[in-house]
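**Q** Here you go, run39.cif (mmCIF, C-alpha atoms and all ligand atoms):
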data_work
#
loop_
_atom_site.group_PDB
_atom_site.id
_atom_site.type_symbol
_atom_site.label_atom_id
_atom_site.label_comp_id
_atom_site.auth_asym_id
_atom_site.auth_seq_id
_atom_site.Cartn_x
_atom_site.Cartn_y
_atom_site.Cartn_z
ATOM 1 C CA MET A 1 15.817 -13.292 -46.821
ATOM 2 C CA LYS A 2 13.735 -16.120 -48.085
ATOM 3 C CA SER A 3 11.152 -14.208 -50.108
ATOM 4 C CA GLY A 4 11.768 -11.717 -52.854
ATOM 5 C CA PHE A 5 9.566 -9.156 -51.096
ATOM 6 C CA PRO A 6 10.184 -5.899 -52.944
ATOM 7 C CA LEU A 7 12.085 -3.380 -50.874
ATOM 8 C CA PRO A 8 9.831 -0.356 -51.583
ATOM 9 C CA ALA A 9 6.781 -2.256 -50.262
ATOM 10 C CA VAL A 10 8.627 -3.088 -47.012
ATOM 11 C CA CYS A 11 9.459 0.563 -46.571
ATOM 12 C CA LEU A 12 5.861 1.535 -47.211
ATOM 13 C CA VAL A 13 4.750 -0.823 -44.449
ATOM 14 C CA CYS A 14 7.360 0.720 -42.162
ATOM 15 C CA LEU A 15 6.088 4.198 -42.941
ATOM 16 C CA MET A 16 2.460 3.194 -42.331
ATOM 17 C CA TRP A 17 3.364 1.672 -38.966
ATOM 18 C CA THR A 18 5.180 4.795 -37.947
ATOM 19 C CA ALA A 19 2.314 7.003 -39.066
ATOM 20 C CA CYS A 20 -0.391 4.974 -37.316
ATOM 21 C CA GLY A 21 1.759 4.339 -34.257
ATOM 22 C CA ALA A 22 3.527 1.007 -34.381
ATOM 23 C CA PRO A 23 2.536 -1.279 -31.502
ATOM 24 C CA ASP A 24 4.659 -0.393 -28.515
ATOM 25 C CA THR A 25 5.959 -3.724 -27.316
ATOM 26 C CA GLN A 26 7.224 -2.092 -24.094
ATOM 27 C CA SER A 27 3.823 -0.994 -22.835
ATOM 28 C CA SER A 28 1.352 -3.380 -24.487
ATOM 29 C CA GLN A 29 3.062 -6.576 -23.340
ATOM 30 C CA PRO A 30 2.988 -7.932 -19.801
ATOM 31 C CA VAL A 31 5.775 -6.568 -17.619
ATOM 32 C CA SER A 32 9.081 -8.085 -18.627
ATOM 33 C CA GLY A 33 10.570 -10.920 -16.578
ATOM 34 C CA ASP A 34 13.432 -8.834 -15.203
ATOM 35 C CA SER A 35 11.241 -6.364 -13.348
ATOM 36 C CA PHE A 36 9.203 -6.723 -10.167
ATOM 37 C CA GLN A 37 5.770 -8.264 -10.834
ATOM 38 C CA TRP A 38 2.641 -8.777 -8.772
ATOM 39 C CA PRO A 39 1.121 -12.295 -9.020
ATOM 40 C CA ASN A 40 -1.397 -11.756 -11.820
ATOM 41 C CA GLY A 41 0.014 -8.658 -13.426
ATOM 42 C CA GLU A 42 -1.860 -6.312 -11.079
ATOM 43 C CA ARG A 43 -0.577 -2.745 -10.971
ATOM 44 C CA ALA A 44 -0.237 -2.572 -7.194
ATOM 45 C CA ALA A 45 -0.669 -4.538 -4.007
ATOM 46 C CA VAL A 46 -2.948 -3.157 -1.300
ATOM 47 C CA CYS A 47 -2.761 -4.211 2.352
ATOM 48 C CA LEU A 48 -5.568 -3.302 4.724
ATOM 49 C CA THR A 49 -4.196 -3.358 8.268
ATOM 50 C CA TYR A 50 -5.981 -2.502 11.526
ATOM 51 C CA ASP A 51 -4.173 -1.670 14.744
ATOM 52 C CA ASP A 52 -4.775 -2.012 18.458
ATOM 53 C CA GLY A 53 -7.211 -4.954 18.696
ATOM 54 C CA ILE A 54 -10.510 -3.164 19.341
ATOM 55 C CA ASP A 55 -14.065 -4.523 19.311
ATOM 56 C CA GLY A 56 -14.919 -2.611 16.126
ATOM 57 C CA HIS A 57 -12.496 -4.815 14.207
ATOM 58 C CA LEU A 58 -14.595 -7.855 15.115
ATOM 59 C CA ASP A 59 -17.979 -6.139 14.791
ATOM 60 C CA ILE A 60 -17.548 -3.799 11.800
ATOM 61 C CA VAL A 61 -14.285 -4.296 9.914
ATOM 62 C CA ALA A 62 -14.127 -8.053 9.457
ATOM 63 C CA PRO A 63 -17.805 -8.365 8.377
ATOM 64 C CA ASP A 64 -17.402 -5.472 5.893
ATOM 65 C CA LEU A 65 -14.224 -7.029 4.457
ATOM 66 C CA GLU A 66 -15.940 -10.394 4.101
ATOM 67 C CA VAL A 67 -18.904 -8.876 2.210
ATOM 68 C CA GLU A 68 -16.359 -7.988 -0.501
ATOM 69 C CA ASN A 69 -14.463 -11.271 -0.057
ATOM 70 C CA LEU A 70 -11.376 -9.417 1.152
ATOM 71 C CA ARG A 71 -9.056 -10.269 4.028
ATOM 72 C CA GLY A 72 -7.177 -7.961 6.382
ATOM 73 C CA THR A 73 -4.329 -7.925 8.869
ATOM 74 C CA PHE A 74 -5.113 -7.154 12.498
ATOM 75 C CA TYR A 75 -2.267 -5.944 14.701
ATOM 76 C CA VAL A 76 -3.322 -6.815 18.211
ATOM 77 C CA PRO A 77 -1.328 -5.844 21.319
ATOM 78 C CA GLY A 78 -1.255 -8.323 24.194
ATOM 79 C CA SER A 79 -2.844 -5.651 26.400
ATOM 80 C CA SER A 80 -5.964 -5.458 24.159
ATOM 81 C CA GLU A 81 -9.077 -5.682 26.360
ATOM 82 C CA SER A 82 -11.004 -7.007 23.391
ATOM 83 C CA LEU A 83 -8.537 -9.891 22.997
ATOM 84 C CA ALA A 84 -8.948 -10.743 26.687
ATOM 85 C CA ARG A 85 -12.770 -10.606 26.625
ATOM 86 C CA ARG A 86 -13.444 -12.045 23.188
ATOM 87 C CA MET A 87 -10.516 -14.369 22.484
ATOM 88 C CA GLU A 88 -12.696 -17.009 20.809
ATOM 89 C CA GLU A 89 -13.981 -14.418 18.341
ATOM 90 C CA TRP A 90 -10.412 -13.315 17.532
ATOM 91 C CA ARG A 91 -9.522 -16.982 17.008
ATOM 92 C CA ALA A 92 -12.531 -17.374 14.715
ATOM 93 C CA LEU A 93 -11.552 -14.248 12.770
ATOM 94 C CA ALA A 94 -8.127 -15.813 12.109
ATOM 95 C CA SER A 95 -9.744 -19.085 11.060
ATOM 96 C CA ARG A 96 -11.800 -17.161 8.460
ATOM 97 C CA GLY A 97 -8.558 -16.177 6.749
ATOM 98 C CA HIS A 98 -7.590 -12.889 8.364
ATOM 99 C CA GLU A 99 -4.083 -12.354 9.715
ATOM 100 C CA LEU A 100 -3.327 -11.691 13.379
ATOM 101 C CA GLY A 101 -0.121 -9.677 13.682
ATOM 102 C CA ASN A 102 2.169 -8.751 16.551
ATOM 103 C CA HIS A 103 1.800 -5.236 17.995
ATOM 104 C CA THR A 104 3.850 -5.815 21.201
ATOM 105 C CA LEU A 105 2.487 -6.807 24.604
ATOM 106 C CA PHE A 106 2.142 -3.369 26.194
ATOM 107 C CA HIS A 107 2.090 -1.011 23.215
ATOM 108 C CA PRO A 108 5.194 0.974 24.168
ATOM 109 C CA CYS A 109 5.874 4.150 22.156
ATOM 110 C CA ILE A 110 8.354 7.005 22.307
ATOM 111 C CA ARG A 111 6.776 9.367 24.861
ATOM 112 C CA ASN A 112 8.983 12.404 24.298
ATOM 113 C CA ARG A 113 8.788 12.766 20.533
ATOM 114 C CA PRO A 114 11.743 14.080 18.500
ATOM 115 C CA ASP A 115 9.485 16.936 17.296
ATOM 116 C CA GLY A 116 8.932 18.158 20.860
ATOM 117 C CA ARG A 117 5.459 16.651 21.399
ATOM 118 C CA VAL A 118 4.813 14.496 24.449
ATOM 119 C CA PHE A 119 2.507 11.479 24.165
ATOM 120 C CA GLU A 120 0.978 11.831 27.636
ATOM 121 C CA TRP A 121 -0.950 8.581 27.183
ATOM 122 C CA VAL A 122 2.329 6.627 27.153
ATOM 123 C CA SER A 123 3.282 5.995 30.780
ATOM 124 C CA PRO A 124 7.017 6.361 31.575
ATOM 125 C CA GLU A 125 7.455 2.608 32.181
ATOM 126 C CA TYR A 126 6.166 1.949 28.640
ATOM 127 C CA ALA A 127 8.141 4.751 27.004
ATOM 128 C CA LEU A 128 10.351 3.201 24.320
ATOM 129 C CA GLU A 129 13.144 5.646 25.103
ATOM 130 C CA ASN A 130 13.337 3.953 28.525
ATOM 131 C CA TYR A 131 13.422 0.415 27.054
ATOM 132 C CA THR A 132 16.537 -1.573 26.211
ATOM 133 C CA LEU A 133 16.918 -3.531 22.953
ATOM 134 C CA GLN A 134 16.758 -6.765 24.948
ATOM 135 C CA GLN A 135 13.526 -5.651 26.610
ATOM 136 C CA ILE A 136 11.654 -4.890 23.381
ATOM 137 C CA ILE A 137 12.901 -8.062 21.664
ATOM 138 C CA THR A 138 11.814 -10.194 24.639
ATOM 139 C CA GLU A 139 8.419 -8.479 24.640
ATOM 140 C CA LEU A 140 7.966 -9.141 20.912
ATOM 141 C CA SER A 141 8.986 -12.751 21.324
ATOM 142 C CA VAL A 142 6.514 -13.335 24.183
ATOM 143 C CA MET A 143 3.757 -11.727 22.107
ATOM 144 C CA ASN A 144 4.523 -14.157 19.285
ATOM 145 C CA THR A 145 3.962 -16.996 21.767
ATOM 146 C CA LEU A 146 0.666 -15.460 22.912
ATOM 147 C CA LEU A 147 -0.588 -15.124 19.337
ATOM 148 C CA GLU A 148 0.487 -18.663 18.494
ATOM 149 C CA ALA A 149 -1.711 -19.809 21.370
ATOM 150 C CA VAL A 150 -4.615 -17.969 19.706
ATOM 151 C CA ASP A 151 -4.232 -18.950 16.044
ATOM 152 C CA GLY A 152 -1.623 -21.750 15.991
ATOM 153 C CA LYS A 153 0.636 -19.929 13.501
ATOM 154 C CA HIS A 154 4.434 -20.171 13.736
ATOM 155 C CA GLU A 155 5.172 -17.241 11.460
ATOM 156 C CA ARG A 156 4.199 -13.668 12.163
ATOM 157 C CA THR A 157 4.447 -10.111 10.900
ATOM 158 C CA TYR A 158 4.839 -7.060 13.102
ATOM 159 C CA ALA A 159 3.548 -3.475 13.121
ATOM 160 C CA TYR A 160 5.786 -0.961 14.898
ATOM 161 C CA THR A 161 3.767 0.777 17.622
ATOM 162 C CA CYS A 162 3.409 4.492 16.766
ATOM 163 C CA SER A 163 5.686 3.547 13.808
ATOM 164 C CA ASP A 164 8.581 3.798 16.306
ATOM 165 C CA TYR A 165 11.586 1.554 15.718
ATOM 166 C CA GLU A 166 14.055 2.760 18.342
ATOM 167 C CA ALA A 167 14.355 1.574 21.940
ATOM 168 C CA GLY A 168 16.658 3.480 24.290
ATOM 169 C CA GLY A 169 17.717 5.525 21.268
ATOM 170 C CA GLU A 170 18.845 2.480 19.236
ATOM 171 C CA SER A 171 17.146 0.982 16.188
ATOM 172 C CA PHE A 172 15.718 -2.497 16.781
ATOM 173 C CA VAL A 173 14.919 -3.155 13.112
ATOM 174 C CA ASP A 174 17.851 -5.540 12.672
ATOM 175 C CA SER A 175 17.256 -7.170 16.050
ATOM 176 C CA LEU A 176 13.700 -8.250 15.133
ATOM 177 C CA ARG A 177 14.388 -9.678 11.664
ATOM 178 C CA HIS A 178 14.639 -13.226 12.993
ATOM 179 C CA LEU A 179 11.261 -12.942 14.766
ATOM 180 C CA PHE A 180 9.112 -11.787 11.837
ATOM 181 C CA THR A 181 8.678 -12.473 8.147
ATOM 182 C CA ALA A 182 7.976 -8.757 7.611
ATOM 183 C CA ALA A 183 7.222 -5.575 9.539
ATOM 184 C CA ARG A 184 5.126 -2.496 8.860
ATOM 185 C CA GLY A 185 6.417 0.996 9.648
ATOM 186 C CA GLY A 186 5.241 4.439 8.563
ATOM 187 C CA GLY A 187 5.998 6.574 5.519
ATOM 188 C CA GLU A 188 5.237 7.293 1.893
ATOM 189 C CA ILE A 189 4.261 4.892 -0.913
ATOM 190 C CA PRO A 190 7.501 3.393 -2.246
ATOM 191 C CA LEU A 191 8.498 4.612 -5.704
ATOM 192 C CA ASP A 192 10.267 1.337 -6.444
ATOM 193 C CA MET A 193 9.860 -2.080 -4.784
ATOM 194 C CA ARG A 194 13.641 -2.397 -4.796
ATOM 195 C CA ASP A 195 13.815 0.293 -2.090
ATOM 196 C CA VAL A 196 11.453 -1.529 0.281
ATOM 197 C CA ASP A 197 12.996 -2.983 3.431
ATOM 198 C CA ILE A 198 10.712 -5.939 4.185
ATOM 199 C CA HIS A 199 11.136 -5.253 7.916
ATOM 200 C CA LEU A 200 10.299 -1.544 7.658
ATOM 201 C CA VAL A 201 7.549 -1.301 5.048
ATOM 202 C CA PRO A 202 5.936 2.139 4.726
ATOM 203 C CA SER A 203 2.247 2.625 5.478
ATOM 204 C CA TRP A 204 -0.269 5.453 5.683
ATOM 205 C CA SER A 205 -2.075 6.188 8.932
ATOM 206 C CA ALA A 206 -5.504 6.958 7.446
ATOM 207 C CA LYS A 207 -7.688 9.090 9.737
ATOM 208 C CA GLU A 208 -10.738 11.259 9.031
ATOM 209 C CA VAL A 209 -10.323 10.791 5.281
ATOM 210 C CA SER A 210 -12.927 10.245 2.577
ATOM 211 C CA GLY A 211 -13.368 7.125 0.478
ATOM 212 C CA GLN A 212 -12.170 9.073 -2.550
ATOM 213 C CA GLU A 213 -8.940 10.144 -0.817
ATOM 214 C CA MET A 214 -8.188 6.501 -0.067
ATOM 215 C CA ILE A 215 -9.013 5.494 -3.644
ATOM 216 C CA ASP A 216 -6.625 8.211 -4.877
ATOM 217 C CA TYR A 217 -3.976 6.725 -2.608
ATOM 218 C CA VAL A 218 -4.197 3.218 -4.110
ATOM 219 C CA ASN A 219 -4.148 4.729 -7.588
ATOM 220 C CA ARG A 220 -0.864 6.481 -6.766
ATOM 221 C CA ALA A 221 0.633 3.097 -5.856
ATOM 222 C CA ALA A 222 -0.680 1.760 -9.190
ATOM 223 C CA GLU A 223 1.152 4.540 -11.043
ATOM 224 C CA TYR A 224 4.430 3.420 -9.461
ATOM 225 C CA GLY A 225 3.629 -0.305 -9.680
ATOM 226 C CA THR A 226 4.374 -0.689 -5.967
ATOM 227 C CA MET A 227 2.155 -1.084 -2.888
ATOM 228 C CA ALA A 228 -0.312 0.838 -0.747
ATOM 229 C CA VAL A 229 -0.447 -0.178 2.906
ATOM 230 C CA PHE A 230 -3.223 1.296 5.045
ATOM 231 C CA MET A 231 -2.739 1.650 8.791
ATOM 232 C CA PHE A 232 -6.262 1.911 10.170
ATOM 233 C CA HIS A 233 -7.282 2.134 13.799
ATOM 234 C CA GLY A 234 -10.989 2.759 14.386
ATOM 235 C CA VAL A 235 -13.498 2.260 11.572
ATOM 236 C CA GLY A 236 -16.895 3.677 12.488
ATOM 237 C CA GLY A 237 -15.644 4.646 15.968
ATOM 238 C CA GLY A 238 -14.006 3.002 18.961
ATOM 239 C CA HIS A 239 -10.647 4.815 18.616
ATOM 240 C CA ASN A 240 -9.503 8.433 18.511
ATOM 241 C CA LEU A 241 -7.876 7.737 15.131
ATOM 242 C CA ASN A 242 -10.940 7.004 13.046
ATOM 243 C CA VAL A 243 -12.279 6.573 9.516
ATOM 244 C CA SER A 244 -16.029 6.468 8.878
ATOM 245 C CA ARG A 245 -17.597 3.126 8.041
ATOM 246 C CA GLU A 246 -18.995 4.626 4.807
ATOM 247 C CA ALA A 247 -15.570 5.808 3.586
ATOM 248 C CA HIS A 248 -14.044 2.439 4.444
ATOM 249 C CA ARG A 249 -16.826 0.591 2.607
ATOM 250 C CA GLU A 250 -16.328 2.826 -0.437
ATOM 251 C CA LEU A 251 -12.649 1.834 -0.553
ATOM 252 C CA LEU A 252 -13.463 -1.870 -0.158
ATOM 253 C CA ALA A 253 -16.063 -1.777 -2.937
ATOM 254 C CA TYR A 254 -13.562 -0.053 -5.238
ATOM 255 C CA LEU A 255 -10.844 -2.616 -4.508
ATOM 256 C CA SER A 256 -13.281 -5.461 -5.007
ATOM 257 C CA ALA A 257 -14.442 -4.074 -8.367
ATOM 258 C CA ASN A 258 -10.856 -3.543 -9.574
ATOM 259 C CA ARG A 259 -9.183 -6.844 -8.788
ATOM 260 C CA ASP A 260 -7.439 -6.832 -12.154
ATOM 261 C CA ARG A 261 -5.481 -3.705 -11.095
ATOM 262 C CA PHE A 262 -5.161 -4.205 -7.334
ATOM 263 C CA TRP A 263 -4.010 -7.263 -5.440
ATOM 264 C CA THR A 264 -5.668 -6.689 -2.070
ATOM 265 C CA GLU A 265 -4.235 -9.212 0.342
ATOM 266 C CA ARG A 266 -2.974 -9.741 3.883
ATOM 267 C CA PHE A 267 0.344 -8.116 4.710
ATOM 268 C CA ASP A 268 2.098 -11.471 5.311
ATOM 269 C CA LYS A 269 1.086 -12.833 1.899
ATOM 270 C CA VAL A 270 2.016 -9.661 0.021
ATOM 271 C CA MET A 271 5.400 -9.547 1.704
ATOM 272 C CA ALA A 272 6.021 -13.264 1.033
ATOM 273 C CA HIS A 273 5.493 -12.485 -2.641
ATOM 274 C CA ALA A 274 7.760 -9.421 -2.424
ATOM 275 C CA ARG A 275 10.453 -11.576 -0.835
ATOM 276 C CA SER A 276 10.236 -14.212 -3.572
ATOM 277 C CA GLU A 277 10.430 -11.509 -6.253
ATOM 278 C CA ARG A 278 13.510 -10.017 -4.549
ATOM 279 C CA ASN A 279 15.105 -13.487 -4.637
ATOM 280 C CA ARG A 280 14.126 -14.078 -8.267
ATOM 281 C CA LEU A 281 15.594 -10.738 -9.296
ATOM 282 C CA GLY A 282 18.741 -11.202 -7.176
ATOM 283 C CA TRP A 283 18.167 -7.959 -5.264
ATOM 284 C CA ASP A 284 19.372 -9.316 -1.936
ATOM 285 C CA ARG A 285 22.534 -10.899 -3.247
HETATM 286 ZN ZN ZN B 1 -0.956 0.820 17.903
#
Let me see whether you can do it: turn the structure in this file into structure tokens.
Ligand SMILES: [Zn+2]
**A**
Amino acid sequence: MKSGFPLPAVCLVCLMWTACGAPDTQSSQPVSGDSFQWPNGERAAVCLTYDDGIDGHLDIVAPDLEVENLRGTFYVPGSSESLARRMEEWRALASRGHELGNHTLFHPCIRNRPDGRVFEWVSPEYALENYTLQQIITELSVMNTLLEAVDGKHERTYAYTCSDYEAGGESFVDSLRHLFTAARGGGEIPLDMRDVDIHLVPSWSAKEVSGQEMIDYVNRAAEYGTMAVFMFHGVGGGHNLNVSREAHRELLAYLSANRDRFWTERFDKVMAHARSERNRLGWDR
């Protein structure tokens, strides 16, 4: 010790710190370098994703996102009538910074659900239980080509149709890893980013919910320090799975006003960051 600082005084300082609550270096400092971090110390990432390529995405969703300077991910199936009729507008949407994602060519789903339900709207030839692995992988690959013709991008993310990831009773998660940088499935907010499989990322199918319920959802992700992925379909109509335009706007305004806590970004960009953090932390070694 360089100074002759009297011992009793040191102890008094210690006592005062304890009494007043010594600064907690664990919680008052930025997250330490050996834990998962979002780019600017945000508490959670939020991905706004919209499925099935409907007109409302062009007419309502994208304009409302852009009012708040936010960008979304649009999972468009090749069979989308809107894509066929309004391809130039979908191309323009991508050029404004939104992501176009793969959602298969024909939107196959498991028709006879494990819980006993039957999705009557899935015709038997597009029932995933009747597909082979080769068939779904070829379909996904052709859809990547179609989307590249629209937006010129070589890399793509995928959203599992109906959150189904089995074809002919076999998982195709491993078979699609080489086709996509990431893929969105269904399920709960992850408790820890370490548990997230980048090719089966959980998301919440939000339907008929209020703005406040969606705000509560992103705040749960912030508690865990992980991510909240929304799987929207219709916003303000156009789909039987729907959220009102008002509720959606309320969520967007909240995210826009809380950019210090929430990193709201396209799914591909959020997952690219997650991948680089996994590498930095050695989680995949
Ligand atoms: Zn879909």
**Q** If the PyMOL selection byres (((not hetatm)) within 7 of (chain B and resi 1)) is run on the structure shown, which residues does it catch, given as a compact mmCIF listing (two decimals) with C-alpha atoms, in the frame of the given file?
**A**
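Saved the output as selection.txt:
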# COMPACT_ATOMS: atom_id res chain seq x y z
CA ASP A 51 -4.17 -1.67 14.74
CA ASP A 52 -4.78 -2.01 18.46
CA HIS A 103 1.80 -5.24 18.00
CA HIS A 107 2.09 -1.01 23.22
CA THR A 161 3.77 0.78 17.62
CA CYS A 162 3.41 4.49 16.77
**Q** Determine the residue membership of the PyMOL selection byres (((chain A and resi 248) around 9) and not hetatm) for the file above and supply it as a PyMOL selection string.
**A** chain A and resi 61+64+210-211+214+235-236+243-247+249-253
**Q** Selection in question (the file shown): the PyMOL selection byres (((chain A and resi 274) around 12) and not hetatm). Which residues does it include, as a PyMOL selection string?
**A** chain A and resi 35-39+44-45+181-182+192-199+201+226-227+267-273+275-281+283-284
**Q** Which neighbours of Ala159 of chain A fall inside 7 Å, counting only C-alpha atoms, when residues of the same chain fewer than 2 positions from it are skipped, and could you give them as an NGL selection string?
**A** :A and (75 or 102-103 or 161 or 183-185)
**Q** Give me the residues within 6 Å of segment 133-141 of chain A as a list in words, counting all atoms listed in the file and dropping any in the same chain fewer than 2 places off.
**A**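 Counting all atoms listed in the file, the residues come to Thr104, Met143, Asn144 and Ala167 of chain A.
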**Q** What does the structure give for the distance between atom CA of Ser205 of chain A and atom CA of Cys47 of chain A, in Å to one decimal?
**A**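 Atom CA of Cys47 of chain A lies 12.3 Å from atom CA of Ser205 of chain A.
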**Q** Compile the contact shell of Asp55 of chain A as a PDB file with C-alpha atoms, in the coordinates of the input: residues with an atom at most 8 Å away, counting only C-alpha atoms, same-chain residues fewer than 4 positions apart removed.
**A**
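Final output, result-v3.pdb:
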ATOM      1  CA  ASP A  59     -17.979  -6.139  14.791  1.00  0.00           C
ATOM      2  CA  SER A  82     -11.004  -7.007  23.391  1.00  0.00           C
ATOM      3  CA  GLY A 238     -14.006   3.002  18.961  1.00  0.00           C
TER       4      GLY A 238
END
**Q** In Å, with one decimal, what is the gap from atom CA of Ala257 of chain A to atom CA of Leu70 of chain A?
**A**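 Going from atom CA of Ala257 of chain A over to atom CA of Leu70 of chain A, I get 11.3 Å.
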**Q** If I take atom CA of Phe230 of chain A and atom CA of Leu48 of chain A, how far is one from the other in Å, to one decimal?
**A**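 Pair atom CA of Phe230 of chain A / atom CA of Leu48 of chain A returns 5.2 Å.
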**Q** Have a look at A:Arg113, A:Asp151, A:Ser80, A:Gly56 and name the one nearest to Ser95 of chain A; count all atoms listed in the file.
**A**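 Closest residue, counting all atoms listed in the file: A:Asp151.
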**Q** Taking only C-alpha atoms into account, name the residue in A:Gly72, A:Pro190, A:Gly282, A:Pro108 that is nearest to Thr132 of chain A.
**A**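 Ranked by minimum distance to Thr132 of chain A, first place goes to A:Pro108.
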